[in-house]
>>> print(open('query-v7.cif').read())   # mmCIF, C-alpha atoms
data_target
#
loop_
_atom_site.label_atom_id
_atom_site.label_comp_id
_atom_site.auth_asym_id
_atom_site.auth_seq_id
_atom_site.Cartn_x
_atom_site.Cartn_y
_atom_site.Cartn_z
CA MET A 89 -48.97 17.02 -32.48
CA ILE A 90 -51.85 18.72 -30.71
CA GLU A 91 -52.71 17.29 -27.32
CA TRP A 92 -56.51 17.51 -27.42
CA PHE A 93 -56.64 16.08 -30.94
CA THR A 94 -54.48 13.16 -29.84
CA THR A 95 -56.80 12.52 -26.89
CA VAL A 96 -59.85 12.59 -29.18
CA GLN A 97 -58.09 10.22 -31.55
CA VAL A 98 -57.34 7.68 -28.79
CA ILE A 99 -60.96 7.83 -27.59
CA VAL A 100 -62.37 7.42 -31.11
CA ALA A 101 -60.02 4.50 -31.84
CA CYS A 102 -61.01 2.79 -28.57
CA ALA A 103 -64.71 3.31 -29.27
CA ALA A 104 -64.37 2.03 -32.84
CA GLY A 105 -62.38 -0.95 -31.57
CA ILE A 106 -64.96 -1.92 -28.95
CA LEU A 107 -67.78 -1.42 -31.47
CA CYS A 108 -66.15 -3.75 -34.00
CA LEU A 109 -65.27 -6.35 -31.35
CA VAL A 110 -68.88 -6.42 -30.14
CA LEU A 111 -70.28 -6.54 -33.69
CA GLY A 112 -67.90 -9.39 -34.54
CA LEU A 113 -68.61 -11.40 -31.42
CA ILE A 114 -72.39 -11.21 -31.96
CA GLY A 115 -71.75 -12.61 -35.43
CA ARG A 116 -71.93 -9.63 -37.79
CA LEU A 117 -69.95 -9.69 -41.00
CA PRO A 118 -67.82 -6.65 -41.80
CA GLY A 119 -70.32 -4.04 -42.99
CA ASP A 120 -70.89 -0.33 -43.38
CA VAL A 121 -70.81 0.33 -39.64
CA SER A 122 -67.60 -1.55 -38.83
CA MET A 123 -65.79 -0.54 -42.02
CA GLY A 124 -67.00 3.03 -41.52
CA ALA A 125 -65.62 3.10 -37.97
CA VAL A 126 -62.25 1.90 -39.26
CA ALA A 127 -62.38 4.51 -42.04
CA VAL A 128 -62.91 7.26 -39.45
CA VAL A 129 -59.89 6.00 -37.49
CA GLU A 130 -57.79 6.00 -40.68
CA LEU A 131 -59.01 9.49 -41.59
CA LEU A 132 -57.95 10.85 -38.19
CA LEU A 133 -54.53 9.24 -38.70
CA LEU A 134 -54.17 11.03 -42.03
CA VAL A 135 -55.02 14.33 -40.31
CA GLN A 136 -52.42 13.44 -37.67
CA LEU A 137 -49.86 12.81 -40.44
CA VAL A 138 -50.49 16.24 -41.95
CA MET A 139 -50.24 17.84 -38.51
CA ALA A 140 -47.02 15.96 -37.76
CA ILE A 141 -45.50 17.32 -40.97
CA VAL A 142 -46.66 20.88 -40.36
CA ALA A 143 -46.22 21.15 -36.56
CA PRO A 144 -42.39 21.22 -36.38
CA LEU A 145 -42.35 23.93 -39.09
CA ALA A 146 -44.88 25.93 -37.07
CA GLY A 147 -42.76 25.90 -33.91
CA ASN A 148 -44.20 22.77 -32.27
CA PRO A 149 -41.34 20.25 -32.38
CA PRO A 150 -41.53 16.83 -30.68
CA SER A 151 -39.73 16.50 -27.35
CA GLY A 152 -38.70 12.95 -28.24
CA SER A 153 -37.46 11.17 -31.36
CA LEU A 154 -39.23 12.15 -34.56
CA ALA A 155 -37.99 8.98 -36.29
CA GLU A 156 -39.54 6.76 -33.63
CA PHE A 157 -42.74 8.81 -33.91
CA TYR A 158 -42.93 8.18 -37.65
CA ILE A 159 -42.32 4.43 -37.27
CA TYR A 160 -45.46 4.32 -35.13
CA LEU A 161 -47.45 6.65 -37.37
CA ILE A 162 -46.65 4.86 -40.63
CA SER A 163 -47.31 1.42 -39.08
CA ALA A 164 -50.62 2.75 -37.75
CA LEU A 165 -51.55 4.10 -41.19
CA ILE A 166 -50.94 0.68 -42.79
CA LEU A 167 -52.98 -1.34 -40.26
CA PRO A 168 -56.52 -0.22 -41.28
CA LEU A 169 -55.66 -0.81 -44.94
CA ALA A 170 -54.45 -4.34 -44.15
CA GLY A 171 -57.42 -5.03 -41.87
CA GLY A 172 -59.89 -3.59 -44.38
CA PHE A 173 -58.39 -5.64 -47.20
CA TRP A 174 -58.65 -8.72 -45.02
CA ALA A 175 -62.29 -7.91 -44.22
CA LEU A 176 -63.11 -7.69 -47.94
CA VAL A 177 -61.38 -10.96 -48.80
CA GLU A 178 -62.40 -13.02 -45.77
CA ARG A 179 -66.13 -12.55 -45.30
CA ASN A 180 -66.82 -13.79 -41.81
CA ARG A 181 -67.40 -12.47 -38.32
CA TRP A 182 -63.76 -12.90 -37.29
CA SER A 183 -62.78 -10.27 -39.81
CA THR A 184 -65.00 -7.87 -37.87
CA VAL A 185 -63.20 -8.88 -34.67
CA ILE A 186 -59.89 -8.23 -36.44
CA LEU A 187 -61.08 -4.74 -37.46
CA GLY A 188 -61.70 -4.16 -33.75
CA GLY A 189 -58.19 -5.37 -32.99
CA VAL A 190 -56.80 -2.96 -35.59
CA CYS A 191 -58.56 -0.01 -33.93
CA LEU A 192 -57.40 -0.97 -30.43
CA ALA A 193 -53.83 -1.44 -31.63
CA ILE A 194 -54.01 2.03 -33.19
CA ALA A 195 -55.33 3.48 -29.91
CA VAL A 196 -52.24 2.14 -28.13
CA MET A 197 -49.93 3.36 -30.90
CA VAL A 198 -51.41 6.88 -30.90
CA TYR A 199 -51.04 6.97 -27.12
CA ARG A 200 -47.36 6.01 -27.54
CA MET A 201 -46.97 8.65 -30.25
CA GLY A 202 -48.33 11.21 -27.79
CA GLN A 203 -45.79 10.09 -25.21
CA ILE A 204 -42.96 10.40 -27.73
CA TRP A 205 -44.07 13.87 -28.78
CA PHE A 206 -44.91 15.36 -25.39
CA VAL A 207 -43.19 13.31 -22.65
CA GLN A 208 -40.10 11.54 -24.00
CA GLY A 209 -37.02 13.70 -23.61
CA ALA A 210 -38.99 16.56 -22.07
CA MET B 166 -61.32 -13.26 -26.88
CA SER B 167 -64.16 -15.71 -27.33
CA ALA B 168 -63.68 -19.24 -26.09
CA ARG B 169 -65.79 -20.61 -28.93
CA THR B 170 -63.78 -22.09 -31.74
CA ASN B 171 -64.96 -22.77 -35.24
CA ALA B 172 -68.45 -21.38 -34.76
CA ASP B 173 -68.42 -20.71 -38.47
CA PRO B 174 -70.29 -23.08 -40.72
CA SER B 175 -67.32 -23.34 -43.05
CA THR B 176 -65.13 -26.33 -42.26
CA PRO B 177 -61.51 -25.49 -41.48
CA LYS B 178 -59.62 -26.88 -44.44
CA ARG B 179 -56.70 -24.60 -43.88
CA ARG B 180 -55.42 -24.66 -40.33
CA MET B 181 -56.04 -21.00 -39.68
CA SER B 182 -59.70 -20.33 -40.16
CA GLY B 183 -62.33 -18.81 -37.92
CA VAL B 184 -61.07 -17.51 -34.62
CA GLY B 185 -57.58 -18.66 -35.55
CA ARG B 186 -57.44 -15.73 -37.96
CA VAL B 187 -57.65 -13.44 -34.99
CA LEU B 188 -54.70 -15.25 -33.42
CA VAL B 189 -52.69 -14.81 -36.62
CA PHE B 190 -53.65 -11.15 -36.74
CA VAL B 191 -52.51 -10.51 -33.17
CA TYR B 192 -49.25 -12.34 -33.92
CA GLY B 193 -48.80 -10.18 -37.00
CA VAL B 194 -49.32 -6.98 -35.04
CA LEU B 195 -46.89 -8.11 -32.36
CA ALA B 196 -44.35 -9.02 -35.04
CA LEU B 197 -44.79 -5.54 -36.55
CA ALA B 198 -44.47 -3.85 -33.15
CA ALA B 199 -41.39 -5.82 -32.13
CA THR B 200 -39.72 -5.31 -35.51
CA GLY B 201 -40.39 -1.58 -35.60
CA ARG B 202 -39.12 -1.05 -32.10
CA SER B 203 -35.99 -3.19 -32.40
CA VAL B 204 -34.99 -1.71 -35.77
CA PHE B 205 -35.26 1.75 -34.30
CA GLN B 206 -33.42 0.85 -31.09
CA ILE B 207 -30.57 -0.77 -33.02
CA ILE B 208 -30.19 2.10 -35.47
CA ASP B 209 -30.55 4.82 -32.86
CA ARG B 210 -28.72 3.57 -29.76
CA TYR B 211 -27.39 0.02 -30.11
CA HIS B 212 -24.39 0.75 -27.86
CA GLU B 213 -26.60 1.61 -24.88
CA ALA B 214 -27.89 -1.90 -24.26
CA PRO B 215 -26.61 -4.30 -26.94
CA VAL B 216 -27.84 -7.45 -25.18
CA ALA B 217 -31.38 -6.16 -24.70
CA PHE B 218 -31.60 -4.78 -28.24
CA THR B 219 -30.24 -7.97 -29.82
CA LEU B 220 -32.90 -9.86 -27.88
CA SER B 221 -35.49 -7.39 -29.19
CA ALA B 222 -34.44 -8.18 -32.74
CA LEU B 223 -34.37 -11.92 -32.09
CA ALA B 224 -37.86 -11.75 -30.59
CA ALA B 225 -39.06 -9.81 -33.63
CA VAL B 226 -37.70 -12.45 -36.03
CA VAL B 227 -39.26 -15.26 -34.00
CA TYR B 228 -42.63 -13.51 -34.00
CA ILE B 229 -42.45 -13.13 -37.78
CA VAL B 230 -41.57 -16.83 -38.24
CA ALA B 231 -44.33 -17.85 -35.81
CA THR B 232 -46.88 -15.78 -37.72
CA ILE B 233 -45.89 -17.45 -40.99
CA ALA B 234 -45.80 -20.91 -39.39
CA LEU B 235 -49.36 -20.48 -38.09
CA VAL B 236 -50.64 -19.69 -41.58
CA ALA B 237 -48.55 -22.06 -43.66
CA PRO B 238 -49.95 -25.58 -44.16
CA GLY B 239 -48.23 -28.87 -43.54
CA ARG B 240 -46.57 -30.74 -40.73
CA VAL B 241 -43.19 -29.07 -41.02
CA TRP B 242 -44.70 -25.65 -40.44
CA TYR B 243 -46.82 -27.11 -37.67
CA ARG B 244 -43.63 -28.15 -35.92
CA VAL B 245 -41.99 -24.79 -36.63
CA ALA B 246 -45.01 -23.15 -35.02
CA TRP B 247 -44.54 -25.25 -31.89
CA ILE B 248 -40.83 -24.48 -31.72
CA THR B 249 -41.21 -20.73 -32.21
CA ILE B 250 -44.15 -20.43 -29.83
CA SER B 251 -42.33 -22.47 -27.16
CA PHE B 252 -39.33 -20.20 -27.67
CA GLU B 253 -41.52 -17.15 -27.15
CA LEU B 254 -43.00 -18.49 -23.93
CA THR B 255 -39.51 -19.31 -22.64
CA GLY B 256 -38.28 -15.90 -23.73
CA VAL B 257 -41.02 -13.92 -22.06
CA LEU B 258 -40.64 -15.89 -18.82
CA VAL B 259 -36.83 -15.82 -18.68
CA ILE B 260 -36.31 -12.27 -19.95
CA GLY B 261 -39.30 -11.03 -17.97
CA SER B 262 -37.82 -12.47 -14.78
CA LEU B 263 -34.33 -11.18 -15.57
CA SER B 264 -35.64 -7.69 -16.33
CA LEU B 265 -37.21 -7.59 -12.88
CA LEU B 266 -34.61 -9.42 -10.79
CA ALA B 267 -31.32 -8.71 -12.56
CA PRO B 268 -31.73 -5.96 -15.17
CA ALA B 269 -27.95 -5.48 -15.26
CA VAL B 270 -27.51 -8.89 -16.91
CA LEU B 271 -29.39 -7.56 -19.93
CA GLY B 272 -27.56 -4.25 -19.78
CA LEU B 273 -30.76 -2.48 -18.85
CA HIS B 274 -30.51 0.79 -16.97
CA ASP B 275 -33.92 0.55 -15.37
CA ILE B 276 -36.83 -1.85 -15.32
CA ASP B 277 -39.33 0.56 -16.83
CA PRO B 278 -41.21 -1.54 -19.42
CA PHE B 279 -41.97 1.64 -21.36
CA GLY B 280 -38.44 3.02 -21.11
CA ARG B 281 -35.89 3.45 -23.84
CA ASP B 282 -34.18 0.12 -23.08
CA ALA B 283 -37.36 -1.91 -22.96
CA THR B 284 -37.80 -5.04 -25.06
CA VAL B 285 -41.00 -6.83 -25.99
CA TRP B 286 -40.34 -9.22 -23.14
CA SER B 287 -39.41 -6.75 -20.39
CA VAL B 288 -41.52 -7.26 -17.25
CA TYR B 289 -43.38 -10.13 -18.99
CA GLY B 290 -44.45 -7.90 -21.86
CA MET B 291 -46.10 -5.25 -19.68
CA GLY B 292 -45.32 -2.55 -22.26
CA TYR B 293 -47.42 -4.57 -24.70
CA LEU B 294 -50.35 -5.11 -22.31
CA PHE B 295 -48.98 -8.57 -21.37
CA ILE B 296 -49.95 -9.81 -24.83
CA PRO B 297 -46.48 -11.43 -25.27
CA LEU B 298 -47.23 -13.52 -22.15
CA ALA B 299 -50.78 -14.53 -23.09
CA LEU B 300 -50.22 -15.14 -26.79
CA PRO B 301 -47.88 -18.18 -26.66
CA VAL B 302 -50.32 -19.92 -24.28
CA LEU B 303 -53.26 -19.23 -26.60
CA GLY B 304 -51.12 -20.29 -29.55
CA MET B 305 -50.24 -23.61 -27.89
CA LEU B 306 -53.90 -24.25 -27.03
CA TRP B 307 -54.77 -23.59 -30.64
CA LEU B 308 -52.02 -25.82 -32.02
CA SER B 309 -52.86 -28.71 -29.72
CA ARG B 310 -56.48 -28.63 -30.88
CA HIS B 311 -55.70 -28.22 -34.57
CA ARG B 312 -53.22 -30.83 -35.63
CA PRO B 313 -52.46 -31.12 -39.33
CA PRO B 314 -54.62 -33.81 -40.96
CA ALA B 315 -51.66 -35.79 -42.33
CA ASP B 316 -50.59 -39.16 -40.85
CA SER B 317 -49.98 -38.70 -37.16
CA ALA B 318 -46.70 -40.64 -36.94
CA GLY B 319 -44.43 -37.65 -36.50
CA ASP B 320 -46.82 -35.35 -34.71
CA ARG B 321 -46.31 -36.47 -31.18
CA ALA B 322 -42.72 -35.38 -30.87
CA GLY B 323 -43.51 -31.82 -31.90
CA ALA B 324 -46.70 -31.57 -29.89
CA GLY B 325 -45.16 -32.73 -26.66
CA SER B 326 -42.91 -29.77 -26.05
#
>>> encode(input="query-v7.cif", output="structure tokens")
Amino acid sequence: MIEWFTTVQVIVACAAGILCLVLGLIGRLPGDVSMGAVAVVELLLLVQLVMAIVAPLAGNPPSGSLAEFYIYLISALILPLAGGFWALVERNRWSTVILGGVCLAIAVMVYRMGQIWFVQGA
Amino acid sequence: MSARTNADPSTPKRRMSGVGRVLVFVYGVLALAATGRSVFQIIDRYHEAPVAFTLSALAAVVYIVATIALVAPGRVWYRVAWITISFELTGVLVIGSLSLLAPAVLGLHDIDPFGRDATVWSVYGMGYLFIPLALPVLGMLWLSRHRPPADSAGDRAGAGS
């Protein structure tokens, strides 16, 4: 895990979450903007996954439990897929709110992943 | 979360429509979070705090059942939803108080809600942004406003808890 990338990821996930919440609460259906924001969050998670696989091999091991880290990462990877699927099936504004909830949950999870990697056990 | 309910034009045939979907979603995420954490705690270090970790697992199961009960139709599930949500509120209040006042009872080594012994309910769910404290209340509000349409003979007993 790389600290600045993790920080960027938390900020992007928060921003995407707030954007989707606002869009949902003013009555927008899930659309290109909200789905795009969630896609960006998912993309960053995939980059994080690649980095998490490579980092320990490149001499950057986690200070805490790698297993716990992966429970968070894999759960986080599934959430946008579930939320996006929901948004496609259930076409109403609350699906946009849920996309926002997905992004905010991911922000918290990435923050926790950062703690596990950098703080826990250090 | 918005206080408006059922702003959608579509009539709520199933119990969980409109803003209720958001409630189900948050329940689902909490169920996922509690399950992930408790499974890991039990596999990795069950001996450190067996009482707290068993409670973690119990909480996770109850959250899963509550999530299903909110979605599933019918009066039986409606009652299951009341029971599980009441259990959650009791759990977060009792365990939250114990974790602050008498952590040793739970076998906790410290009261840090983010620590390695923490459960979903430690310090009233502080490690989960107090969502475990707020959610049962919102869930009860929702349930009391959205009774199942069937004959109301048996509803009162479940709704009164």
>>> atom_distance(input="query-v7.cif", atom1="CA of Gly105 (chain A)", atom2="CA of Ser122 (chain A)")
9.0 Å
>>> interface_residues(input="query-v7.cif", of="chain A", to="chain B", cutoff="9 Å", atoms="all atoms listed in the file", output="PyMOL selection string")
chain A and resi 113+155-156+159-160+163+167+171+180-183+185-186+189-190+193+196
>>> atom_distance(input="query-v7.cif", atom1="CA of Thr219 (chain B)", atom2="CA of Ser287 (chain B)")
13.2 Å
>>> residues_around(input="query-v7.cif", residues="Met201 (chain A)", least_positions_apart="4", cutoff="12 Å", atoms="only C-alpha atoms", output="short mmCIF file (atom, residue, chain, number, x, y, z; two decimals) with C-alpha atoms, in the frame of the given file")
data_model
loop_
_atom_site.label_atom_id
_atom_site.label_comp_id
_atom_site.auth_asym_id
_atom_site.auth_seq_id
_atom_site.Cartn_x
_atom_site.Cartn_y
_atom_site.Cartn_z
CA MET A 89 -48.97 17.02 -32.48
CA ILE A 90 -51.85 18.72 -30.71
CA GLU A 91 -52.71 17.29 -27.32
CA THR A 94 -54.48 13.16 -29.84
CA THR A 95 -56.80 12.52 -26.89
CA GLN A 97 -58.09 10.22 -31.55
CA VAL A 98 -57.34 7.68 -28.79
CA LEU A 133 -54.53 9.24 -38.70
CA GLN A 136 -52.42 13.44 -37.67
CA LEU A 137 -49.86 12.81 -40.44
CA ALA A 140 -47.02 15.96 -37.76
CA PRO A 150 -41.53 16.83 -30.68
CA SER A 151 -39.73 16.50 -27.35
CA GLY A 152 -38.70 12.95 -28.24
CA SER A 153 -37.46 11.17 -31.36
CA LEU A 154 -39.23 12.15 -34.56
CA ALA A 155 -37.99 8.98 -36.29
CA GLU A 156 -39.54 6.76 -33.63
CA PHE A 157 -42.74 8.81 -33.91
CA TYR A 158 -42.93 8.18 -37.65
CA ILE A 159 -42.32 4.43 -37.27
CA TYR A 160 -45.46 4.32 -35.13
CA LEU A 161 -47.45 6.65 -37.37
CA ILE A 162 -46.65 4.86 -40.63
CA SER A 163 -47.31 1.42 -39.08
CA ALA A 164 -50.62 2.75 -37.75
CA ILE A 194 -54.01 2.03 -33.19
CA ALA A 195 -55.33 3.48 -29.91
CA VAL A 196 -52.24 2.14 -28.13
CA MET A 197 -49.93 3.36 -30.90
CA TRP A 205 -44.07 13.87 -28.78
CA PHE A 206 -44.91 15.36 -25.39
CA VAL A 207 -43.19 13.31 -22.65
CA GLN A 208 -40.10 11.54 -24.00
#
>>> closest_residue(input="query-v7.cif", among="A:Pro168, A:Leu111, A:Val138, A:Met123", to="Cys191 (chain A)", atoms="all atoms listed in the file")
A:Pro168
>>> closest_residue(input="query-v7.cif", among="B:Gly193, B:Gly272, B:Pro314, B:Gly292", to="Pro215 (chain B)", atoms="all atoms listed in the file")
B:Gly272
>>> residues_around(input="query-v7.cif", residues="Phe295 (chain B)", least_positions_apart="5", cutoff="10 Å", atoms="all atoms listed in the file", output="list in words")
Val257, Val285, Trp286, Ser287, Val288, Tyr289, Gly290 and Leu300 of chain B
>>> residues_around(input="query-v7.cif", residues="region 226-229 of chain B", least_positions_apart="4", cutoff="10 Å", atoms="all atoms listed in the file", output="PyMOL selection string")
chain B and resi 192-200+220-222+233-234+246+248-250+252-253+297
>>> atom_distance(input="query-v7.cif", atom1="CA of Tyr243 (chain B)", atom2="CA of Ala231 (chain B)")
9.8 Å
>>> build_atoms(input="query-v7.cif", residues="region 174-202 of chain A", atoms="N, CA and C atoms", output="compact mmCIF listing (two decimals), in the frame of the given file")
# COMPACT_ATOMS: atom_id res chain seq x y z
N TRP A 174 -58.33 -7.42 -45.58
CA TRP A 174 -58.65 -8.72 -45.02
C TRP A 174 -60.17 -8.89 -44.90
N ALA A 175 -60.84 -7.83 -44.43
CA ALA A 175 -62.29 -7.91 -44.22
C ALA A 175 -63.02 -8.08 -45.56
N LEU A 176 -62.46 -7.54 -46.64
CA LEU A 176 -63.11 -7.69 -47.94
C LEU A 176 -62.88 -9.08 -48.51
N VAL A 177 -61.70 -9.65 -48.25
CA VAL A 177 -61.38 -10.96 -48.80
C VAL A 177 -62.05 -12.06 -48.00
N GLU A 178 -61.97 -11.95 -46.68
CA GLU A 178 -62.40 -13.02 -45.77
C GLU A 178 -63.72 -12.59 -45.14
N ARG A 179 -64.83 -13.04 -45.76
CA ARG A 179 -66.13 -12.55 -45.30
C ARG A 179 -66.65 -13.39 -44.15
N ASN A 180 -66.18 -13.16 -42.95
CA ASN A 180 -66.82 -13.79 -41.81
C ASN A 180 -66.69 -12.89 -40.58
N ARG A 181 -67.34 -13.31 -39.50
CA ARG A 181 -67.40 -12.47 -38.32
C ARG A 181 -66.04 -12.18 -37.70
N TRP A 182 -65.08 -13.12 -37.91
CA TRP A 182 -63.76 -12.90 -37.29
C TRP A 182 -63.04 -11.74 -37.93
N SER A 183 -63.37 -11.45 -39.18
CA SER A 183 -62.78 -10.27 -39.81
C SER A 183 -63.25 -9.00 -39.11
N THR A 184 -64.50 -9.01 -38.62
CA THR A 184 -65.00 -7.87 -37.87
C THR A 184 -64.24 -7.74 -36.54
N VAL A 185 -63.99 -8.90 -35.91
CA VAL A 185 -63.20 -8.88 -34.67
C VAL A 185 -61.81 -8.31 -34.94
N ILE A 186 -61.23 -8.71 -36.09
CA ILE A 186 -59.89 -8.23 -36.44
C ILE A 186 -59.90 -6.71 -36.66
N LEU A 187 -60.98 -6.20 -37.29
CA LEU A 187 -61.08 -4.74 -37.46
C LEU A 187 -61.06 -4.07 -36.09
N GLY A 188 -61.74 -4.69 -35.12
CA GLY A 188 -61.70 -4.16 -33.75
C GLY A 188 -60.29 -4.17 -33.19
N GLY A 189 -59.58 -5.28 -33.44
CA GLY A 189 -58.19 -5.37 -32.99
C GLY A 189 -57.32 -4.29 -33.61
N VAL A 190 -57.54 -4.03 -34.90
CA VAL A 190 -56.80 -2.96 -35.59
C VAL A 190 -57.00 -1.63 -34.86
N CYS A 191 -58.27 -1.31 -34.56
CA CYS A 191 -58.56 -0.01 -33.93
C CYS A 191 -57.93 0.08 -32.54
N LEU A 192 -57.98 -1.00 -31.77
CA LEU A 192 -57.40 -0.97 -30.43
C LEU A 192 -55.88 -0.85 -30.50
N ALA A 193 -55.28 -1.56 -31.45
CA ALA A 193 -53.83 -1.44 -31.63
C ALA A 193 -53.47 0.00 -31.97
N ILE A 194 -54.28 0.65 -32.80
CA ILE A 194 -54.01 2.03 -33.19
C ILE A 194 -54.17 2.95 -31.98
N ALA A 195 -55.16 2.66 -31.12
CA ALA A 195 -55.33 3.48 -29.91
C ALA A 195 -54.05 3.46 -29.08
N VAL A 196 -53.48 2.26 -28.91
CA VAL A 196 -52.24 2.14 -28.13
C VAL A 196 -51.10 2.89 -28.83
N MET A 197 -51.03 2.74 -30.16
CA MET A 197 -49.93 3.36 -30.90
C MET A 197 -50.02 4.89 -30.85
N VAL A 198 -51.26 5.41 -30.96
CA VAL A 198 -51.41 6.88 -30.90
C VAL A 198 -51.05 7.38 -29.50
N TYR A 199 -51.42 6.60 -28.48
CA TYR A 199 -51.04 6.97 -27.12
C TYR A 199 -49.52 7.04 -26.99
N ARG A 200 -48.83 6.03 -27.57
CA ARG A 200 -47.36 6.01 -27.54
C ARG A 200 -46.79 7.19 -28.32
N MET A 201 -47.44 7.51 -29.46
CA MET A 201 -46.97 8.65 -30.25
C MET A 201 -47.08 9.93 -29.44
N GLY A 202 -48.16 10.05 -28.67
CA GLY A 202 -48.33 11.21 -27.79
C GLY A 202 -47.23 11.29 -26.76
